[in-house]
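A.B. asks: Data file start.txt (compact mmCIF, C-alpha atoms) is appended below.
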# COMPACT_ATOMS: atom_id res chain seq x y z
CA MET A 164 -4.27 4.21 21.60
CA HIS A 165 -3.22 1.86 24.37
CA GLY A 166 -6.86 0.76 24.58
CA PHE A 167 -6.16 -1.28 21.45
CA ALA A 168 -2.94 -2.80 22.83
CA ASN A 169 -5.07 -5.78 23.78
CA PRO A 170 -5.16 -8.07 20.67
CA ALA A 171 -8.62 -9.44 21.62
CA ARG A 172 -10.07 -5.92 21.64
CA PHE A 173 -8.33 -5.12 18.36
CA LEU A 174 -9.71 -8.32 16.75
CA ARG A 175 -13.26 -7.42 17.83
CA LEU A 176 -12.88 -4.05 16.09
CA ALA A 177 -11.15 -5.49 12.99
CA ARG A 178 -13.86 -8.15 12.48
CA TRP A 179 -16.57 -5.58 11.68
CA LEU A 180 -14.36 -2.77 10.34
CA MET A 181 -12.51 -4.83 7.71
CA PRO A 182 -15.57 -5.93 5.62
CA LEU A 183 -16.94 -2.38 5.86
CA LEU A 184 -13.70 -0.85 4.51
CA LEU A 185 -13.48 -3.54 1.82
CA LEU A 186 -17.03 -3.03 0.56
CA ALA A 187 -16.87 0.79 0.63
CA GLY A 188 -13.42 0.69 -1.00
CA LEU A 189 -14.56 -1.62 -3.83
CA VAL A 190 -17.65 0.53 -4.55
CA LEU A 191 -15.78 3.87 -4.48
CA THR A 192 -12.72 2.63 -6.41
CA GLY A 193 -14.83 0.81 -9.04
CA GLY A 194 -17.09 3.83 -9.49
CA ALA A 195 -14.21 6.34 -9.67
CA LEU A 196 -12.20 4.26 -12.17
CA ALA A 197 -15.29 3.74 -14.37
CA TRP A 198 -15.92 7.51 -14.16
CA GLY A 199 -12.28 8.18 -15.07
CA VAL A 200 -12.33 5.88 -18.11
CA PHE A 201 -15.85 6.36 -19.51
CA VAL A 202 -17.14 9.75 -18.29
CA ALA A 203 -14.25 12.16 -17.51
CA PRO A 204 -13.07 14.18 -20.53
CA ALA A 205 -9.68 13.90 -22.25
CA GLU A 206 -7.19 16.59 -21.25
CA GLY A 207 -6.17 19.33 -23.72
CA LEU A 208 -2.42 18.69 -23.62
CA GLN A 209 -2.12 15.01 -22.67
CA GLY A 210 -5.23 13.75 -24.44
CA GLU A 211 -6.67 10.37 -23.41
CA THR A 212 -3.57 9.25 -21.47
CA VAL A 213 -4.65 11.49 -18.57
CA ARG A 214 -7.02 8.62 -17.61
CA ILE A 215 -4.00 6.75 -16.21
CA MET A 216 -3.89 9.46 -13.51
CA TYR A 217 -6.91 7.92 -11.70
CA LEU A 218 -4.73 4.87 -10.92
CA HIS A 219 -1.28 6.43 -10.79
CA VAL A 220 -1.93 9.22 -8.27
CA PRO A 221 -3.82 7.13 -5.62
CA THR A 222 -1.18 4.37 -5.78
CA ALA A 223 1.62 6.96 -5.44
CA TRP A 224 -0.16 8.45 -2.42
CA LEU A 225 -0.53 5.00 -0.84
CA GLY A 226 3.09 4.07 -1.57
CA MET A 227 4.24 7.15 0.36
CA GLY A 228 1.45 6.95 2.94
CA GLY A 229 2.26 3.29 3.59
CA TRP A 230 5.87 4.03 4.49
CA SER A 231 4.76 6.98 6.65
CA ALA A 232 2.51 4.49 8.50
CA ILE A 233 5.48 2.09 8.90
CA ALA A 234 7.55 4.96 10.37
CA VAL A 235 4.80 5.99 12.83
CA ALA A 236 4.19 2.36 13.87
CA SER A 237 7.95 1.79 14.25
CA ALA A 238 8.31 4.87 16.48
CA THR A 239 5.28 3.76 18.52
CA GLU A 240 6.82 0.33 18.94
CA LEU A 241 10.27 1.62 19.92
CA VAL A 242 9.05 4.36 22.28
CA TRP A 243 5.86 2.94 23.85
CA ARG A 244 6.39 -0.79 23.14
CA HIS A 245 2.84 -1.02 21.81
CA PRO A 246 2.34 -4.74 21.08
CA LEU A 247 0.32 -4.21 17.89
CA ALA A 248 2.56 -1.51 16.38
CA GLY A 249 5.15 -3.96 15.00
CA ILE A 250 2.37 -6.15 13.61
CA ALA A 251 0.78 -3.11 11.93
CA ALA A 252 4.12 -2.11 10.36
CA ARG A 253 4.68 -5.65 9.04
CA ALA A 254 1.12 -5.73 7.66
CA VAL A 255 1.71 -2.51 5.68
CA ALA A 256 4.92 -3.69 3.94
CA VAL A 257 3.46 -5.92 1.18
CA PRO A 258 0.48 -3.70 0.22
CA GLY A 259 2.85 -0.69 0.27
CA ALA A 260 5.24 -2.49 -2.09
CA VAL A 261 2.40 -3.58 -4.41
CA PHE A 262 0.97 -0.05 -4.68
CA THR A 263 4.45 1.45 -5.22
CA ALA A 264 5.08 -1.10 -7.99
CA ILE A 265 1.70 -0.24 -9.60
CA CYS A 266 2.58 3.47 -9.33
CA LEU A 267 5.94 2.91 -11.07
CA ALA A 268 4.41 0.70 -13.79
CA THR A 269 1.50 3.07 -14.54
CA GLY A 270 3.89 6.04 -14.46
CA SER A 271 6.08 4.35 -17.02
CA LEU A 272 3.04 3.54 -19.18
CA TRP A 273 1.94 7.19 -18.89
CA GLY A 274 5.44 8.48 -19.63
CA ARG A 275 5.88 6.63 -22.94
CA PRO A 276 3.07 8.44 -24.84
CA ALA A 277 3.33 11.69 -22.82
CA TRP A 278 7.13 12.19 -22.62
CA GLY A 279 8.30 9.82 -25.35
CA THR A 280 10.23 7.63 -22.90
CA TRP A 281 9.45 4.76 -20.49
CA TRP A 282 11.89 5.90 -17.82
CA VAL A 283 14.27 8.73 -16.84
CA TRP A 284 16.67 8.69 -13.90
CA ASP A 285 15.34 11.91 -12.39
CA GLY A 286 14.70 12.68 -8.72
CA ARG A 287 11.01 11.68 -8.55
CA LEU A 288 11.21 8.39 -10.46
CA THR A 289 14.46 7.31 -8.82
CA SER A 290 13.28 8.09 -5.27
CA MET A 291 10.04 6.14 -5.93
CA LEU A 292 12.13 3.18 -7.14
CA VAL A 293 14.21 3.47 -3.95
CA LEU A 294 10.93 3.35 -1.98
CA LEU A 295 10.03 0.04 -3.67
CA PHE A 296 13.44 -1.41 -2.71
CA LEU A 297 12.96 -0.13 0.87
CA TYR A 298 9.61 -1.96 1.08
CA LEU A 299 11.15 -5.18 -0.24
CA GLY A 300 14.07 -4.84 2.20
CA TYR A 301 11.70 -4.15 5.10
CA ALA A 302 9.52 -7.18 4.25
CA ALA A 303 12.60 -9.45 4.05
CA LEU A 304 14.03 -8.06 7.30
CA ALA A 305 10.73 -8.45 9.17
CA GLN A 306 10.38 -12.02 7.88
CA ALA A 307 13.96 -12.89 8.92
CA SER A 308 13.52 -11.30 12.39
CA GLU A 309 10.28 -13.21 12.91
CA SER A 310 11.72 -16.59 11.86
CA GLN A 311 14.74 -16.13 14.17
CA ASN A 312 12.60 -14.83 17.05
CA GLY A 313 14.65 -11.65 16.85
CA GLY A 314 11.71 -9.40 17.69
CA SER A 315 11.01 -6.36 15.58
CA ARG A 316 13.50 -3.77 16.85
CA VAL A 317 15.76 -3.99 13.79
CA PRO A 318 12.87 -3.66 11.27
CA ALA A 319 11.50 -0.77 13.38
CA ILE A 320 14.83 1.10 13.17
CA PHE A 321 14.93 0.38 9.41
CA GLY A 322 11.35 1.71 9.13
CA LEU A 323 12.33 4.96 10.84
CA VAL A 324 15.54 5.46 8.83
CA GLY A 325 13.72 4.74 5.54
CA ALA A 326 11.28 7.58 6.27
CA VAL A 327 14.02 10.01 5.16
CA ASN A 328 13.05 9.07 1.59
CA ILE A 329 9.46 10.37 1.94
CA PRO A 330 10.24 14.14 1.93
CA ILE A 331 12.82 13.48 -0.81
CA ILE A 332 10.05 11.97 -3.00
CA HIS A 333 7.67 14.81 -2.18
CA TYR A 334 10.09 17.68 -2.85
CA SER A 335 12.09 16.03 -5.66
CA VAL A 336 10.07 17.79 -8.39
CA LEU A 337 10.77 21.17 -6.73
CA TRP A 338 14.45 20.59 -5.87
CA TRP A 339 15.61 19.13 -9.19
CA ASN A 340 14.74 19.49 -12.87
CA SER A 341 12.29 16.76 -13.80
CA LEU A 342 10.04 15.61 -16.62
CA HIS A 343 7.53 14.87 -13.88
CA GLN A 344 5.05 17.68 -13.27
CA PRO A 345 5.08 19.56 -9.92
CA PRO A 346 2.25 18.81 -7.46
CA SER A 347 -1.20 19.81 -8.82
CA ILE A 348 -2.90 19.42 -5.44
CA THR A 349 -1.45 21.15 -2.39
CA ALA A 350 -2.94 21.82 1.05
CA GLY A 351 -6.31 23.49 0.51
CA GLN A 352 -5.91 24.24 -3.20
CA SER A 353 -5.83 22.52 -6.56
CA ALA A 354 -4.65 23.53 -10.03
CA MET A 355 -6.90 20.82 -11.50
CA ALA A 356 -10.33 21.35 -13.10
CA PRO A 357 -13.23 19.76 -11.11
CA GLU A 358 -14.06 17.24 -13.88
CA PHE A 359 -10.63 15.65 -13.27
CA LEU A 360 -10.33 16.42 -9.57
CA ILE A 361 -13.59 14.83 -8.34
CA PRO A 362 -13.06 11.29 -9.74
CA LEU A 363 -9.39 11.51 -8.67
CA LEU A 364 -10.34 12.32 -5.06
CA ILE A 365 -12.97 9.54 -5.00
CA ALA A 366 -10.42 7.04 -6.40
CA THR A 367 -7.90 8.15 -3.76
CA VAL A 368 -10.43 7.65 -0.93
CA GLY A 369 -11.51 4.29 -2.41
CA PHE A 370 -7.96 2.96 -2.76
CA SER A 371 -7.15 4.19 0.77
CA LEU A 372 -10.13 2.21 2.17
CA LEU A 373 -8.97 -0.90 0.27
CA PHE A 374 -5.48 -0.38 1.66
CA GLY A 375 -6.93 -0.17 5.18
CA ALA A 376 -8.96 -3.37 4.63
CA VAL A 377 -5.89 -5.25 3.34
CA VAL A 378 -3.76 -4.07 6.29
CA LEU A 379 -6.45 -5.27 8.74
CA MET A 380 -6.61 -8.67 6.96
CA ARG A 381 -2.83 -9.04 7.16
CA MET A 382 -2.77 -7.97 10.83
CA ARG A 383 -5.42 -10.62 11.60
CA ALA A 384 -3.33 -13.22 9.73
CA ILE A 385 -0.12 -12.31 11.63
CA LEU A 386 -1.95 -12.36 14.99
CA ALA A 387 -3.58 -15.73 14.23
CA ASP A 388 -0.20 -17.18 13.16
CA GLN A 389 1.43 -15.93 16.37
CA GLN A 390 -1.37 -17.37 18.52
CA ALA A 391 -1.21 -20.75 16.72
CA GLU A 392 2.60 -20.84 17.12
CA ALA A 393 2.34 -19.99 20.83
CA ARG A 394 -0.23 -22.75 21.37
CA LEU A 395 1.98 -25.30 19.55
CA ARG A 396 4.97 -24.26 21.70
CA ARG A 397 2.91 -24.63 24.88
CA LYS A 398 1.72 -28.10 23.78
CA ALA A 399 5.28 -29.15 22.94
CA MET A 400 6.51 -27.94 26.36
CA ALA A 401 3.66 -29.77 28.14
CA ASN A 402 4.47 -33.03 26.29
CA LYS A 403 8.16 -32.64 27.12
CA ASP A 404 7.42 -32.13 30.82
CA PHE A 405 5.05 -35.09 30.79
CA MET B 106 8.73 14.09 -35.67
CA ARG B 107 6.40 12.64 -33.04
CA GLU B 108 5.37 8.99 -33.32
CA ALA B 109 1.65 8.29 -33.31
CA LEU B 110 0.96 5.98 -30.38
CA ASP B 111 -2.49 4.66 -29.58
CA PRO B 112 -3.10 5.95 -26.01
CA TRP B 113 -5.79 3.32 -25.35
CA ILE B 114 -3.20 0.52 -25.42
CA PHE B 115 -1.32 2.25 -22.57
CA ILE B 116 -4.55 3.00 -20.69
CA THR B 117 -5.78 -0.61 -21.02
CA VAL B 118 -2.47 -2.11 -19.84
CA SER B 119 -2.34 0.38 -16.92
CA TYR B 120 -5.85 -0.54 -15.76
CA ALA B 121 -5.21 -4.27 -16.21
CA LEU B 122 -2.08 -3.98 -14.04
CA GLY B 123 -3.61 -1.63 -11.46
CA VAL B 124 -6.98 -3.37 -11.04
CA GLY B 125 -5.53 -6.87 -11.42
CA GLY B 126 -2.74 -6.16 -8.93
CA THR B 127 -5.13 -4.69 -6.37
CA LEU B 128 -7.61 -7.58 -6.67
CA ALA B 129 -4.78 -10.14 -6.44
CA LEU B 130 -3.49 -8.39 -3.30
CA ILE B 131 -6.97 -8.45 -1.72
CA ALA B 132 -7.49 -12.14 -2.62
CA GLN B 133 -4.05 -13.17 -1.32
CA SER B 134 -4.52 -11.24 1.95
CA TRP B 135 -8.03 -12.68 2.44
CA LEU B 136 -6.84 -16.27 1.85
CA ALA B 137 -3.82 -15.82 4.15
CA MET B 138 -6.11 -14.47 6.89
CA ARG B 139 -8.64 -17.31 6.51
CA ARG B 140 -5.87 -19.94 6.45
CA ALA B 141 -4.14 -18.51 9.55
CA GLU B 142 -7.42 -18.22 11.51
CA ALA B 143 -8.42 -21.78 10.53
CA ARG B 144 -5.00 -23.01 11.73
CA ARG B 145 -5.47 -21.20 15.06
CA GLU B 146 -8.96 -22.67 15.53
CA ALA B 147 -7.67 -26.17 14.67
CA GLY B 148 -5.00 -25.79 17.36
CA ARG B 149 -7.67 -24.94 19.97
CA LYS B 150 -9.35 -28.35 19.57
CA PRO B 151 -8.18 -30.81 22.22
Let me see the file written as structure tokens.
C.D. replies:
Amino acid sequence: MHGFANPARFLRLARWLMPLLLLAGLVLTGGALAWGVFVAPAEGLQGETVRIMYLHVPTAWLGMGGWSAIAVASATELVWRHPLAGIAARAVAVPGAVFTAICLATGSLWGRPAWGTWWVWDGRLTSMLVLLFLYLGYAALAQASESQNGGSRVPAIFGLVGAVNIPIIHYSVLWWNSLHQPPSITAGQSAMAPEFLIPLLIATVGFSLLFGAVVLMRMRAILADQQAEARLRRKAMANKDF
Amino acid sequence: MREALDPWIFITVSYALGVGGTLALIAQSWLAMRRAEARREAGRKP
């Protein structure tokens, strides 16, 4: 892992990996969503609205996965002082927030015809909404720390503390009564028929690759900004000395 | 009594939001990366 602590080495890897992830992600996601809308059958109980699942489930997975990545990167930064860990955590914040917002919006649009309501204040929906606020708070905190040269220790601690919400989201449908269904896919087994499961898994892989490509783009942008700022500071210092 | 809602309206809006949001995120991230890297390269010129 420390092999990639060198930004130049990381940039060499990101330059060929990012377009690869983007292309594969676009192909897989486009194909899986088209399959979900035009080919996959309607479900017996939920009818056509089940097609929203091919968007809702991958974005929910990435909302939770994104914060888990922030927590791991934050721990790596605090414990090992890995120079790219803070940048990686910052790069995850906006895509994580966008996918959590899409998850909440598509869930609401699924809930109206399926449950008869846009929203209920139950454990799953409320903890997902809290996750969105955590992302927004993290992004604001990281931005403020950066602009005041405060480093990224405070956002890293926030990233670790916020991870408490991830198991709450996961177990909320088991701990409390909820309109939301319990997990259909658990480790090694699925309660879902293959005609629904296969496009769902492909969409999840596709969205995950797109998420990875976006994070790499944002890491490259943050690194380039930092390098440009450092160069400007050096020039300003040189002119002052002169 | 259950109201009869057209599910395709909800499906269409969901896909418009999901696909549109994802593409907008990709485009914004791509432009931010290109802009930042162009700024860094401009700073390298003497």
A.B. asks: If we count all atoms listed in the file, what is near region 317-320 of chain A at a cut-off of 9 Å, once residues fewer than 6 positions away on the same chain are taken out, given as a PyMOL selection string?
C.D. replies: chain A and resi 233-234+236-238+240-241+249+252-253+301-302+304-305+308
A.B. asks: Mind running chain B against chain A at 7 Å and telling me each contacting residue's nearest atom pair with the distance in Å (one decimal), counting all atoms listed in the file, chain and number ascending, as JSON lines?
C.D. replies:
{"residue": "B:Leu110", "atom": "CA", "partner": "A:Pro276", "partner_atom": "CA", "distance": 6.4}
{"residue": "B:Pro112", "atom": "CA", "partner": "A:Thr212", "partner_atom": "CA", "distance": 5.6}
{"residue": "B:Phe115", "atom": "CA", "partner": "A:Leu272", "partner_atom": "CA", "distance": 5.7}
{"residue": "B:Ile116", "atom": "CA", "partner": "A:Ile215", "partner_atom": "CA", "distance": 5.9}
{"residue": "B:Ser119", "atom": "CA", "partner": "A:Thr269", "partner_atom": "CA", "distance": 5.3}
{"residue": "B:Leu122", "atom": "CA", "partner": "A:Ile265", "partner_atom": "CA", "distance": 6.9}
{"residue": "B:Gly123", "atom": "CA", "partner": "A:Ile265", "partner_atom": "CA", "distance": 5.8}
{"residue": "B:Ile131", "atom": "CA", "partner": "A:Val377", "partner_atom": "CA", "distance": 6.1}
{"residue": "B:Ser134", "atom": "CA", "partner": "A:Arg381", "partner_atom": "CA", "distance": 5.9}
{"residue": "B:Trp135", "atom": "CA", "partner": "A:Met380", "partner_atom": "CA", "distance": 6.2}
{"residue": "B:Ala137", "atom": "CA", "partner": "A:Ala384", "partner_atom": "CA", "distance": 6.2}
{"residue": "B:Met138", "atom": "CA", "partner": "A:Ala384", "partner_atom": "CA", "distance": 4.2}
{"residue": "B:Ala141", "atom": "CA", "partner": "A:Ala384", "partner_atom": "CA", "distance": 5.4}
{"residue": "B:Glu142", "atom": "CA", "partner": "A:Ala387", "partner_atom": "CA", "distance": 5.3}
{"residue": "B:Arg144", "atom": "CA", "partner": "A:Ala391", "partner_atom": "CA", "distance": 6.7}
{"residue": "B:Arg145", "atom": "CA", "partner": "A:Ala391", "partner_atom": "CA", "distance": 4.6}
{"residue": "B:Gly148", "atom": "CA", "partner": "A:Ala391", "partner_atom": "CA", "distance": 6.3}
A.B. asks: Using the selection just defined, write its residues with C-alpha atoms as a PDB file, keeping the file's coordinate frame.
C.D. replies:
ATOM      1  CA  LEU B 110       0.960   5.980 -30.380  1.00  0.00           C
ATOM      2  CA  PRO B 112      -3.100   5.950 -26.010  1.00  0.00           C
ATOM      3  CA  PHE B 115      -1.320   2.250 -22.570  1.00  0.00           C
ATOM      4  CA  ILE B 116      -4.550   3.000 -20.690  1.00  0.00           C
ATOM      5  CA  SER B 119      -2.340   0.380 -16.920  1.00  0.00           C
ATOM      6  CA  LEU B 122      -2.080  -3.980 -14.040  1.00  0.00           C
ATOM      7  CA  GLY B 123      -3.610  -1.630 -11.460  1.00  0.00           C
ATOM      8  CA  ILE B 131      -6.970  -8.450  -1.720  1.00  0.00           C
ATOM      9  CA  SER B 134      -4.520 -11.240   1.950  1.00  0.00           C
ATOM     10  CA  TRP B 135      -8.030 -12.680   2.440  1.00  0.00           C
ATOM     11  CA  ALA B 137      -3.820 -15.820   4.150  1.00  0.00           C
ATOM     12  CA  MET B 138      -6.110 -14.470   6.890  1.00  0.00           C
ATOM     13  CA  ALA B 141      -4.140 -18.510   9.550  1.00  0.00           C
ATOM     14  CA  GLU B 142      -7.420 -18.220  11.510  1.00  0.00           C
ATOM     15  CA  ARG B 144      -5.000 -23.010  11.730  1.00  0.00           C
ATOM     16  CA  ARG B 145      -5.470 -21.200  15.060  1.00  0.00           C
ATOM     17  CA  GLY B 148      -5.000 -25.790  17.360  1.00  0.00           C
TER      18      GLY B 148
END
A.B. asks: Between CA of Pro221 (chain A) and CA of Arg139 (chain B), what is the distance in Å, rounded to a tenth?
C.D. replies: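 If I compute the distance from CA of Pro221 (chain A) to CA of Arg139 (chain B), I get 27.7 Å.
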A.B. asks: Which residue, A:Ser231, A:Trp282, A:Trp339, A:Phe173, has the smallest gap to Val324 (chain A) when you use only C-alpha atoms?
C.D. replies: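 Using only C-alpha atoms, Val324 (chain A) sits closest to A:Ser231.
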A.B. asks: I'd like the interatomic distance between CA of Gly369 (chain A) and CA of Leu191 (chain A), to a tenth of an Å.
C.D. replies: 4.8 Å
A.B. asks: Expressed in Å to a single decimal, how great is the separation between CA of Pro204 (chain A) and CA of Phe359 (chain A)?
C.D. replies: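 Computing the Euclidean distance for CA of Pro204 (chain A) and CA of Phe359 (chain A) yields 7.8 Å.
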